[in-house]
Every structure is written in structure tokens, then in C-alpha cells.
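The file entry_24.csv contains CSV, N, CA and C atoms:
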chain,number,residue,atom,x,y,z
A,16,MET,N,3.3,14.9,-8.4
A,16,MET,CA,2.9,13.5,-8.3
A,16,MET,C,1.4,13.4,-8.6
A,17,ALA,N,0.6,14.2,-8.0
A,17,ALA,CA,-0.9,14.1,-8.2
A,17,ALA,C,-1.3,14.4,-9.6
A,18,GLU,N,-0.5,15.2,-10.3
A,18,GLU,CA,-0.9,15.6,-11.7
A,18,GLU,C,-0.4,14.6,-12.7
A,19,ASN,N,0.7,13.8,-12.4
A,19,ASN,CA,1.3,13.1,-13.5
A,19,ASN,C,1.3,11.6,-13.3
A,20,PHE,N,0.7,11.1,-12.3
A,20,PHE,CA,0.7,9.6,-12.0
A,20,PHE,C,-0.7,9.1,-11.8
A,21,ALA,N,-0.9,7.8,-12.0
A,21,ALA,CA,-2.2,7.2,-11.8
A,21,ALA,C,-2.2,6.5,-10.4
A,22,TRP,N,-1.1,6.1,-9.9
A,22,TRP,CA,-1.0,5.4,-8.6
A,22,TRP,C,0.1,6.0,-7.7
A,23,MET,N,-0.2,5.9,-6.4
A,23,MET,CA,0.7,6.2,-5.3
A,23,MET,C,0.7,5.0,-4.4
A,24,HIS,N,1.8,4.4,-4.2
A,24,HIS,CA,1.9,3.2,-3.3
A,24,HIS,C,2.4,3.5,-1.9
A,25,SER,N,2.7,4.7,-1.6
A,25,SER,CA,3.4,4.9,-0.3
A,25,SER,C,2.8,6.0,0.5
A,26,VAL,N,1.5,6.0,0.6
A,26,VAL,CA,0.8,7.0,1.4
A,26,VAL,C,0.7,6.5,2.8
A,27,GLU,N,1.3,7.3,3.8
A,27,GLU,CA,1.3,6.8,5.1
A,27,GLU,C,0.7,7.8,6.1
A,28,ARG,N,0.4,9.0,5.7
A,28,ARG,CA,-0.2,10.0,6.6
A,28,ARG,C,-1.4,10.7,5.9
A,29,LEU,N,-2.3,11.1,6.7
A,29,LEU,CA,-3.5,11.8,6.2
A,29,LEU,C,-3.0,13.1,5.5
A,30,LYS,N,-2.0,13.8,6.1
A,30,LYS,CA,-1.5,15.1,5.5
A,30,LYS,C,-1.1,14.9,4.1
A,31,ILE,N,-0.4,13.8,3.8
A,31,ILE,CA,0.0,13.5,2.4
A,31,ILE,C,-1.2,13.2,1.5
A,32,ALA,N,-2.1,12.4,2.0
A,32,ALA,CA,-3.3,12.1,1.2
A,32,ALA,C,-4.2,13.4,0.9
A,33,LYS,N,-4.3,14.2,1.9
A,33,LYS,CA,-5.0,15.5,1.7
A,33,LYS,C,-4.4,16.3,0.6
A,34,ARG,N,-3.1,16.4,0.7
A,34,ARG,CA,-2.3,17.2,-0.3
A,34,ARG,C,-2.5,16.6,-1.7
A,35,LEU,N,-2.4,15.3,-1.8
A,35,LEU,CA,-2.6,14.7,-3.1
A,35,LEU,C,-4.0,14.9,-3.7
A,36,SER,N,-5.0,14.8,-2.8
A,36,SER,CA,-6.4,15.1,-3.2
A,36,SER,C,-6.6,16.5,-3.7
A,37,GLU,N,-6.0,17.5,-2.9
A,37,GLU,CA,-6.1,18.9,-3.3
A,37,GLU,C,-5.4,19.2,-4.6
A,38,GLN,N,-4.3,18.5,-4.9
A,38,GLN,CA,-3.5,18.8,-6.1
A,38,GLN,C,-3.9,17.9,-7.3
A,39,ARG,N,-4.8,17.0,-7.1
A,39,ARG,CA,-5.2,16.1,-8.3
A,39,ARG,C,-6.2,16.9,-9.1
A,40,PRO,N,-5.8,17.2,-10.4
A,40,PRO,CA,-6.7,17.9,-11.3
A,40,PRO,C,-8.1,17.2,-11.4
A,41,GLU,N,-9.1,18.0,-11.5
A,41,GLU,CA,-10.5,17.5,-11.5
A,41,GLU,C,-10.7,16.7,-12.8
A,42,HIS,N,-10.0,17.1,-13.9
A,42,HIS,CA,-10.3,16.4,-15.2
A,42,HIS,C,-9.7,15.1,-15.3
A,43,LEU,N,-8.8,14.7,-14.3
A,43,LEU,CA,-8.2,13.3,-14.3
A,43,LEU,C,-9.1,12.4,-13.5
A,44,ALA,N,-8.9,11.1,-13.8
A,44,ALA,CA,-9.6,10.1,-12.9
A,44,ALA,C,-8.9,10.2,-11.5
A,45,PRO,N,-9.6,9.7,-10.5
A,45,PRO,CA,-9.1,9.8,-9.2
A,45,PRO,C,-7.7,9.0,-9.1
A,46,LEU,N,-6.9,9.5,-8.3
A,46,LEU,CA,-5.5,9.0,-8.0
A,46,LEU,C,-5.7,7.7,-7.2
A,47,ASN,N,-5.2,6.6,-7.7
A,47,ASN,CA,-5.3,5.3,-6.9
A,47,ASN,C,-4.2,5.3,-5.8
A,48,ILE,N,-4.6,5.0,-4.6
A,48,ILE,CA,-3.8,5.1,-3.4
A,48,ILE,C,-3.7,3.7,-2.8
A,49,CYS,N,-2.4,3.4,-2.4
A,49,CYS,CA,-2.2,2.3,-1.5
A,49,CYS,C,-1.6,2.9,-0.2
A,50,LEU,N,-2.1,2.4,0.9
A,50,LEU,CA,-1.5,2.9,2.2
A,50,LEU,C,-0.3,2.0,2.5
A,51,GLN,N,0.8,2.7,2.8
A,51,GLN,CA,2.1,2.0,3.2
A,51,GLN,C,2.0,1.6,4.6
A,52,VAL,N,2.1,0.3,4.9
A,52,VAL,CA,2.1,-0.2,6.2
A,52,VAL,C,3.5,-0.7,6.7
A,53,ASN,N,3.9,-0.3,7.9
A,53,ASN,CA,5.1,-0.8,8.4
A,53,ASN,C,4.8,-2.1,9.1
A,54,ILE,N,4.7,-3.1,8.3
A,54,ILE,CA,4.2,-4.4,8.8
A,54,ILE,C,5.1,-5.1,9.7
A,55,SER,N,6.4,-4.8,9.6
A,55,SER,CA,7.4,-5.5,10.5
A,55,SER,C,7.8,-4.5,11.6
A,56,ARG,N,7.2,-3.4,11.7
A,56,ARG,CA,7.4,-2.4,12.8
A,56,ARG,C,8.9,-2.0,12.9
A,57,GLU,N,9.5,-1.8,11.7
A,57,GLU,CA,11.0,-1.4,11.7
A,57,GLU,C,11.1,0.1,11.9
A,58,ALA,N,12.0,0.4,12.8
A,58,ALA,CA,12.2,1.9,13.1
A,58,ALA,C,12.8,2.5,11.9
A,59,SER,N,13.5,1.8,11.0
A,59,SER,CA,14.2,2.4,9.9
A,59,SER,C,13.2,2.6,8.7
A,60,LYS,N,12.0,2.1,8.8
A,60,LYS,CA,11.1,2.2,7.6
A,60,LYS,C,9.9,3.1,7.9
A,61,SER,N,9.4,3.6,6.9
A,61,SER,CA,8.2,4.4,7.0
A,61,SER,C,6.9,3.5,6.9
A,62,GLY,N,5.8,4.1,7.2
A,62,GLY,CA,4.6,3.4,7.1
A,62,GLY,C,3.7,3.5,8.3
A,63,VAL,N,2.4,3.4,8.1
A,63,VAL,CA,1.5,3.4,9.3
A,63,VAL,C,1.6,2.1,10.0
A,64,MET,N,1.5,2.1,11.3
A,64,MET,CA,1.5,0.9,12.0
A,64,MET,C,0.2,0.1,11.8
A,65,PRO,N,0.3,-1.2,11.8
A,65,PRO,CA,-0.9,-2.1,11.5
A,65,PRO,C,-2.2,-1.7,12.3
A,66,GLU,N,-2.0,-1.4,13.6
A,66,GLU,CA,-3.2,-1.0,14.4
A,66,GLU,C,-3.8,0.3,14.0
A,67,GLU,N,-3.1,1.1,13.2
A,67,GLU,CA,-3.6,2.5,12.8
A,67,GLU,C,-4.1,2.5,11.4
A,68,VAL,N,-4.1,1.3,10.7
A,68,VAL,CA,-4.5,1.3,9.3
A,68,VAL,C,-5.9,1.6,9.1
A,69,ALA,N,-6.8,1.0,9.9
A,69,ALA,CA,-8.2,1.2,9.7
A,69,ALA,C,-8.6,2.7,9.8
A,70,ALA,N,-8.1,3.4,10.8
A,70,ALA,CA,-8.5,4.8,11.0
A,70,ALA,C,-8.0,5.6,9.8
A,71,LEU,N,-6.8,5.4,9.4
A,71,LEU,CA,-6.3,6.1,8.2
A,71,LEU,C,-7.1,5.8,7.0
A,72,ALA,N,-7.4,4.5,6.8
A,72,ALA,CA,-8.1,4.1,5.6
A,72,ALA,C,-9.5,4.8,5.5
A,73,HIS,N,-10.2,4.9,6.6
A,73,HIS,CA,-11.5,5.6,6.6
A,73,HIS,C,-11.4,7.1,6.2
A,74,GLU,N,-10.3,7.7,6.7
A,74,GLU,CA,-10.1,9.1,6.4
A,74,GLU,C,-9.7,9.3,4.9
A,75,VAL,N,-8.8,8.5,4.4
A,75,VAL,CA,-8.4,8.6,3.0
A,75,VAL,C,-9.5,8.2,2.1
A,76,ALA,N,-10.3,7.2,2.4
A,76,ALA,CA,-11.4,6.8,1.5
A,76,ALA,C,-12.5,7.9,1.3
A,77,ALA,N,-12.5,8.9,2.3
A,77,ALA,CA,-13.5,10.0,2.2
A,77,ALA,C,-13.0,11.2,1.4
A,78,LEU,N,-11.7,11.2,1.0
A,78,LEU,CA,-11.2,12.3,0.3
A,78,LEU,C,-11.6,12.3,-1.1
A,79,PRO,N,-11.9,13.5,-1.7
A,79,PRO,CA,-12.2,13.6,-3.1
A,79,PRO,C,-11.0,13.4,-4.0
A,80,ARG,N,-11.2,13.0,-5.2
A,80,ARG,CA,-10.1,12.9,-6.2
A,80,ARG,C,-9.1,11.8,-5.8
A,81,LEU,N,-9.3,11.0,-4.8
A,81,LEU,CA,-8.5,9.8,-4.5
A,81,LEU,C,-9.3,8.6,-4.5
A,82,GLN,N,-8.7,7.5,-4.9
A,82,GLN,CA,-9.4,6.2,-4.8
A,82,GLN,C,-8.5,5.2,-4.0
A,83,LEU,N,-8.9,4.9,-2.8
A,83,LEU,CA,-8.2,4.0,-1.9
A,83,LEU,C,-8.3,2.6,-2.6
A,84,ARG,N,-7.2,2.0,-2.9
A,84,ARG,CA,-7.3,0.7,-3.6
A,84,ARG,C,-6.7,-0.5,-2.8
A,85,GLY,N,-5.8,-0.2,-1.8
A,85,GLY,CA,-5.3,-1.3,-1.0
A,85,GLY,C,-4.1,-0.9,-0.1
A,86,LEU,N,-3.3,-1.9,0.1
A,86,LEU,CA,-2.2,-1.7,1.1
A,86,LEU,C,-0.9,-2.1,0.4
A,87,MET,N,0.2,-1.5,0.9
A,87,MET,CA,1.6,-1.8,0.4
A,87,MET,C,2.5,-2.0,1.6
A,88,ALA,N,3.4,-2.9,1.5
A,88,ALA,CA,4.4,-3.1,2.6
A,88,ALA,C,5.7,-3.7,2.0
A,89,ILE,N,6.8,-3.4,2.7
A,89,ILE,CA,8.1,-4.0,2.4
A,89,ILE,C,8.6,-4.5,3.8
A,90,PRO,N,8.3,-5.8,4.1
A,90,PRO,CA,8.7,-6.3,5.4
A,90,PRO,C,10.2,-6.5,5.5
A,91,ALA,N,10.6,-6.7,6.7
A,91,ALA,CA,12.0,-7.0,7.0
A,91,ALA,C,12.4,-8.3,6.3
A,92,PRO,N,13.6,-8.4,5.8
A,92,PRO,CA,14.1,-9.6,5.2
A,92,PRO,C,14.0,-10.8,6.1
A,93,ALA,N,13.7,-11.9,5.5
A,93,ALA,CA,13.6,-13.2,6.2
A,93,ALA,C,14.3,-14.3,5.4
A,94,ASP,N,14.8,-15.3,6.1
A,94,ASP,CA,15.6,-16.4,5.4
A,94,ASP,C,14.7,-17.5,4.8
A,95,SER,N,13.6,-17.8,5.5
A,95,SER,CA,12.8,-19.0,5.0
A,95,SER,C,11.5,-18.5,4.4
A,96,LEU,N,10.9,-19.4,3.6
A,96,LEU,CA,9.7,-19.1,3.0
A,96,LEU,C,8.6,-18.8,4.0
A,97,SER,N,8.5,-19.6,5.0
A,97,SER,CA,7.5,-19.4,6.1
A,97,SER,C,7.7,-18.1,6.8
A,98,ALA,N,8.9,-17.8,7.1
A,98,ALA,CA,9.1,-16.5,7.8
A,98,ALA,C,8.8,-15.3,6.8
A,99,GLN,N,9.0,-15.5,5.6
A,99,GLN,CA,8.7,-14.4,4.6
A,99,GLN,C,7.2,-14.3,4.5
A,100,ARG,N,6.5,-15.4,4.5
A,100,ARG,CA,5.0,-15.4,4.4
A,100,ARG,C,4.3,-14.7,5.5
A,101,ALA,N,4.8,-14.8,6.7
A,101,ALA,CA,4.1,-14.3,7.9
A,101,ALA,C,3.7,-12.8,7.8
A,102,PRO,N,4.6,-11.9,7.5
A,102,PRO,CA,4.1,-10.5,7.4
A,102,PRO,C,3.2,-10.2,6.2
A,103,PHE,N,3.3,-11.0,5.1
A,103,PHE,CA,2.4,-10.8,4.0
A,103,PHE,C,1.0,-11.3,4.3
A,104,ALA,N,1.0,-12.4,5.1
A,104,ALA,CA,-0.3,-12.9,5.6
A,104,ALA,C,-1.0,-11.9,6.5
A,105,GLU,N,-0.2,-11.2,7.3
A,105,GLU,CA,-0.8,-10.2,8.2
A,105,GLU,C,-1.3,-9.0,7.4
A,106,LEU,N,-0.6,-8.6,6.3
A,106,LEU,CA,-1.1,-7.5,5.5
A,106,LEU,C,-2.4,-7.9,4.8
A,107,ARG,N,-2.4,-9.2,4.3
A,107,ARG,CA,-3.6,-9.7,3.6
A,107,ARG,C,-4.8,-9.6,4.5
A,108,GLN,N,-4.6,-10.0,5.8
A,108,GLN,CA,-5.7,-10.0,6.8
A,108,GLN,C,-6.1,-8.6,7.0
A,109,LEU,N,-5.2,-7.6,7.1
A,109,LEU,CA,-5.6,-6.2,7.3
A,109,LEU,C,-6.5,-5.8,6.1
A,110,LEU,N,-6.1,-6.2,4.9
A,110,LEU,CA,-6.9,-5.8,3.7
A,110,LEU,C,-8.3,-6.4,3.8
A,111,ILE,N,-8.4,-7.7,4.2
A,111,ILE,CA,-9.7,-8.4,4.4
A,111,ILE,C,-10.6,-7.6,5.4
A,112,GLU,N,-10.0,-7.2,6.5
A,112,GLU,CA,-10.7,-6.4,7.5
A,112,GLU,C,-11.2,-5.1,6.9
A,113,LEU,N,-10.3,-4.4,6.1
A,113,LEU,CA,-10.7,-3.1,5.5
A,113,LEU,C,-11.9,-3.4,4.5
A,114,GLN,N,-11.8,-4.4,3.8
A,114,GLN,CA,-12.9,-4.7,2.8
A,114,GLN,C,-14.2,-4.8,3.5
A,115,SER,N,-14.3,-5.4,4.7
A,115,SER,CA,-15.5,-5.5,5.4
A,115,SER,C,-15.9,-4.2,6.0
A,116,ALA,N,-14.9,-3.4,6.5
A,116,ALA,CA,-15.2,-2.1,7.1
A,116,ALA,C,-15.6,-1.0,6.1
A,117,LEU,N,-15.1,-1.1,4.8
A,117,LEU,CA,-15.4,-0.1,3.8
A,117,LEU,C,-15.9,-0.8,2.5
A,118,PRO,N,-17.1,-1.4,2.6
A,118,PRO,CA,-17.6,-2.2,1.5
A,118,PRO,C,-17.9,-1.4,0.2
A,119,GLU,N,-18.0,-0.1,0.3
A,119,GLU,CA,-18.2,0.7,-0.9
A,119,GLU,C,-16.8,1.1,-1.6
A,120,THR,N,-15.7,0.7,-1.0
A,120,THR,CA,-14.4,1.1,-1.5
A,120,THR,C,-13.8,-0.1,-2.2
A,121,PRO,N,-13.3,0.0,-3.5
A,121,PRO,CA,-12.8,-1.2,-4.2
A,121,PRO,C,-11.4,-1.5,-3.8
A,122,LEU,N,-11.3,-2.1,-2.6
A,122,LEU,CA,-10.0,-2.5,-2.0
A,122,LEU,C,-9.6,-3.9,-2.6
A,123,ASP,N,-8.8,-3.8,-3.7
A,123,ASP,CA,-8.4,-5.0,-4.4
A,123,ASP,C,-6.9,-5.1,-4.6
A,124,THR,N,-6.1,-4.4,-3.9
A,124,THR,CA,-4.7,-4.3,-4.2
A,124,THR,C,-3.8,-4.6,-3.0
A,125,LEU,N,-2.9,-5.6,-3.2
A,125,LEU,CA,-1.9,-5.8,-2.2
A,125,LEU,C,-0.5,-5.7,-2.9
A,126,SER,N,0.1,-4.5,-2.7
A,126,SER,CA,1.4,-4.2,-3.3
A,126,SER,C,2.5,-4.7,-2.3
A,127,MET,N,3.0,-5.9,-2.5
A,127,MET,CA,3.9,-6.5,-1.6
A,127,MET,C,4.8,-7.5,-2.3
A,128,GLY,N,6.0,-7.6,-1.9
A,128,GLY,CA,6.9,-8.5,-2.5
A,128,GLY,C,7.9,-7.9,-3.4
A,129,MET,N,9.2,-8.3,-3.3
A,129,MET,CA,10.2,-7.9,-4.1
A,129,MET,C,11.0,-9.1,-4.6
A,130,SER,N,12.1,-8.9,-5.3
A,130,SER,CA,12.8,-10.0,-5.9
A,130,SER,C,13.1,-11.1,-5.0
A,131,ASP,N,13.5,-10.8,-3.8
A,131,ASP,CA,13.9,-11.9,-2.8
A,131,ASP,C,12.8,-12.6,-2.1
A,132,ASP,N,11.6,-12.0,-2.1
A,132,ASP,CA,10.5,-12.7,-1.4
A,132,ASP,C,9.3,-12.8,-2.2
A,133,LEU,N,9.5,-12.8,-3.5
A,133,LEU,CA,8.4,-12.8,-4.5
A,133,LEU,C,7.4,-14.0,-4.3
A,134,GLU,N,8.0,-15.2,-4.2
A,134,GLU,CA,7.1,-16.4,-4.0
A,134,GLU,C,6.2,-16.3,-2.8
A,135,ALA,N,6.8,-15.8,-1.7
A,135,ALA,CA,6.0,-15.7,-0.5
A,135,ALA,C,4.9,-14.7,-0.7
A,136,ALA,N,5.2,-13.6,-1.3
A,136,ALA,CA,4.2,-12.5,-1.5
A,136,ALA,C,3.0,-13.1,-2.4
A,137,ILE,N,3.4,-13.8,-3.5
A,137,ILE,CA,2.4,-14.3,-4.4
A,137,ILE,C,1.5,-15.3,-3.7
A,138,LEU,N,2.1,-16.2,-2.9
A,138,LEU,CA,1.4,-17.2,-2.1
A,138,LEU,C,0.4,-16.5,-1.2
A,139,GLU,N,0.7,-15.3,-0.7
A,139,GLU,CA,-0.2,-14.6,0.2
A,139,GLU,C,-1.1,-13.6,-0.5
A,140,GLY,N,-1.2,-13.6,-1.8
A,140,GLY,CA,-2.2,-12.8,-2.5
A,140,GLY,C,-1.7,-11.5,-3.1
A,141,ALA,N,-0.4,-11.3,-3.3
A,141,ALA,CA,0.1,-10.1,-3.9
A,141,ALA,C,-0.5,-9.9,-5.2
A,142,THR,N,-0.9,-8.6,-5.5
A,142,THR,CA,-1.5,-8.3,-6.8
A,142,THR,C,-0.5,-7.4,-7.6
A,143,LEU,N,0.5,-6.8,-6.9
A,143,LEU,CA,1.6,-6.0,-7.5
A,143,LEU,C,2.8,-6.4,-6.7
A,144,VAL,N,3.9,-6.6,-7.5
A,144,VAL,CA,5.2,-6.9,-6.9
A,144,VAL,C,6.3,-6.0,-7.6
A,145,ARG,N,7.4,-5.9,-6.9
A,145,ARG,CA,8.5,-5.1,-7.4
A,145,ARG,C,9.7,-6.0,-7.7
A,146,LEU,N,10.2,-6.0,-8.9
A,146,LEU,CA,11.2,-6.9,-9.3
A,146,LEU,C,12.5,-6.3,-9.8
A,147,GLY,N,12.9,-5.2,-9.3
A,147,GLY,CA,14.1,-4.4,-9.7
A,147,GLY,C,15.3,-5.3,-9.8
A,148,THR,N,15.7,-5.9,-8.7
A,148,THR,CA,16.9,-6.7,-8.6
A,148,THR,C,16.9,-7.8,-9.5
A,149,ALA,N,15.8,-8.5,-9.7
A,149,ALA,CA,15.7,-9.7,-10.6
A,149,ALA,C,15.9,-9.3,-12.0
A,150,ILE,N,15.5,-8.1,-12.4
A,150,ILE,CA,15.6,-7.6,-13.7
A,150,ILE,C,16.9,-6.9,-14.0
A,151,PHE,N,17.3,-6.0,-13.1
A,151,PHE,CA,18.5,-5.1,-13.3
A,151,PHE,C,19.7,-5.6,-12.6
A,152,GLY,N,19.6,-6.5,-11.7
A,152,GLY,CA,20.7,-7.0,-10.9
A,152,GLY,C,20.9,-6.1,-9.6
A,153,ALA,N,21.8,-6.5,-8.8
A,153,ALA,CA,22.0,-5.8,-7.5
A,153,ALA,C,22.6,-4.4,-7.7
A,154,ARG,N,22.3,-3.5,-6.8
A,154,ARG,CA,22.8,-2.2,-7.0
A,154,ARG,C,24.3,-2.1,-6.7
What is this structure when it is put down as C-alpha cells?
Amino acid sequence: MAENFAWMHSVERLKIAKRLSEQRPEHLAPLNICLQVNISREASKSGVMPEEVAALAHEVAALPRLQLRGLMAIPAPADSLSAQRAPFAELRQLLIELQSALPETPLDTLSMGMSDDLEAAILEGATLVRLGTAIFGAR
């Protein structure tokens, strides 16, 4: 991964970030990283808990050959637009707090939203969305 890609959207542990940093070839630009946040606190999903994001972000931002760019989340499904927006708003707020805490780090990415909650994610500031179902249909 560290040798063949420009972005990783699912870093949730320092151990993974360290390994990516060690394996990133020096002749390549730094690997862009998004921390995966378990914004809905689902036991079935991976990701760092919201209250642990700042500590992990500080550690990842200090690693060589990586560039911390933002946060990623896939919240629990919700039926209404307002219910969909709530976790995205929380993730956006976490990013704003990180931007203040790490002013030298170009934190400009919110990777959030999929085909079913795309509008809510965009309303809350998503910069990257995943549209597999909308393009390819249901699995």
C-alpha cells in the first residue's frame, strides 16, 4: 500500500501509520492519510473513537513520509436527512479542532458520505465521497 498508492483513508492505529511511514519509499511524495473515526461508536466498525482522535492525529502528524490530511467516517445508517447530518457535523467539528491544534498540518479533507447519505455529507462539508452503489447498483 505504501509503495503503490497516494492516499490511505482508513488509518485507525498508530501501529499502522508507523508501518506505512516505514514502508513509504523516500523518492515518493508523502502518503496522504485520513484517520478513520468510528463516529457512531458501532461495535461492528473499525476506527478510532472521537475522543481519541486528537492524540492519534498528533502522533501521525509527526511521522516522516506521511501527510495527515483529514478524517474519514462511515456512520450508522439513518432514515432522515437531519439524522444523517448529525454524525457528519460531529466529524467536521473534530476536523476544525484538529486544524487549531495542528496549524502546520494541511488538514483539508473530510472523507465521508456514500450513495445513501451523500446529500447530508456534502451539506456538512465532505470533500471526498464514495458512490459505489449509485454508480454500480446494489451488491
Task: DSSP-assigned helix (DSSP H, G or I) members of chain A, reported as a ChimeraX atom specification - done: /A:29-38,65-76,96-116,130-138,147-151
TODO: Tell me, as a VMD selection string, which residues lie within 8 Å of Leu78 of chain A, counting all atoms listed in the file; anything in the same chain fewer than 5 positions away does not count.
DONE: chain A and resid 32 to 33 36 to 37 73 83
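Note that the spacing between atom C of Ser115 of chain A and atom C of Gln82 of chain A amounts to 15.6 Å.
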Open item on the list: Neighbouring residues of Pro102 of chain A were defined as those with any atom within 10 Å, considering only C-alpha atoms; residues of the same chain fewer than 5 positions away were excluded. Please report them as number ranges by chain.
Closed with: A: 53-55, 88-91, 93, 97, 107-108, 127, 135-136, 139
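With only C-alpha atoms as the atoms that count, the minimum distance from Thr142 of chain A to the choices A:Gly85, A:Pro92, A:Pro121, A:Pro45 is reached by A:Gly85.
Take the candidates A:Ala76, A:Leu96, A:Ile31, A:Val26 and check each one against Val52 of chain A using all atoms listed in the file; the shortest distance goes to A:Val26.
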TODO: Provide the atom N of Leu113 of chain A to atom N of Gly128 of chain A distance in Å, to one decimal place.
DONE: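 Taking atom N of Leu113 of chain A and atom N of Gly128 of chain A, their separation equals 18.4 Å.
Excluding Ser95 of chain A itself and any same-chain residue fewer than 3 positions from it, the protein and nucleic acid residues within 12 Å of it, counting only C-alpha atoms, are Pro92, Ala98, Gln99, Arg100, Ala101, Asp131, Asp132, Glu134 and Ala135 of chain A.
With atom CA of Ala69 of chain A on one side and atom CA of Glu119 of chain A on the other, the separation reads 14.6 Å.
Within 6.5 Å of Gly147 of chain A, once only N, CA and C atoms are used and residues closer than 5 positions along the same chain are dropped, the contacting residues are Met129, Ser130 and Gly152 of chain A.
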Could the residues in this selection be saved with N, CA and C atoms as a PDB file, in the coordinates of the input?
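selection04.pdb written:
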ATOM      1  N   MET A 129       9.200  -8.300  -3.300  1.00  0.00           N
ATOM      2  CA  MET A 129      10.200  -7.900  -4.100  1.00  0.00           C
ATOM      3  C   MET A 129      11.000  -9.100  -4.600  1.00  0.00           C
ATOM      4  N   SER A 130      12.100  -8.900  -5.300  1.00  0.00           N
ATOM      5  CA  SER A 130      12.800 -10.000  -5.900  1.00  0.00           C
ATOM      6  C   SER A 130      13.100 -11.100  -5.000  1.00  0.00           C
ATOM      7  N   GLY A 152      19.600  -6.500 -11.700  1.00  0.00           N
ATOM      8  CA  GLY A 152      20.700  -7.000 -10.900  1.00  0.00           C
ATOM      9  C   GLY A 152      20.900  -6.100  -9.600  1.00  0.00           C
TER      10      GLY A 152
END
Open item on the list: Calculated over all atoms listed in the file, which of the candidates A:Thr120, A:Ser61, A:Ser126, A:Thr148 has the smallest distance to Cys49 of chain A?
Closed with: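 Between A:Thr120, A:Ser61, A:Ser126, A:Thr148, the residue approaching Cys49 of chain A most closely is A:Ser126.
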TODO: Quick one: pick out all strand (DSSP E or B) residues within chain A from a backbone DSSP run and write them as an MDAnalysis selection string.
DONE: chainID A and resid 22:26 46:52 63 81:88 124:127 143
Selecting C-alpha atoms, how would segment 73-90 of chain A from this structure be written as a compact mmCIF listing (two decimals), in the first residue's frame?
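After the write, decode_2.txt holds the following:
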# COMPACT_ATOMS: atom_id res chain seq x y z
CA HIS A 73 -0.57 14.40 16.86
CA GLU A 74 1.38 11.15 16.66
CA VAL A 75 0.62 10.52 12.98
CA ALA A 76 1.39 14.12 12.00
CA ALA A 77 4.90 13.68 13.42
CA LEU A 78 5.74 10.62 11.31
CA PRO A 79 8.05 11.01 8.32
CA ARG A 80 6.85 10.16 4.79
CA LEU A 81 3.20 10.61 5.78
CA GLN A 82 0.98 13.67 5.39
CA LEU A 83 -2.04 13.77 7.67
CA ARG A 84 -4.81 15.32 5.57
CA GLY A 85 -8.03 14.73 7.46
CA LEU A 86 -10.67 12.41 8.79
CA MET A 87 -12.84 9.64 7.36
CA ALA A 88 -16.01 8.06 8.71
CA ILE A 89 -18.86 5.80 7.67
CA PRO A 90 -21.62 6.47 10.21
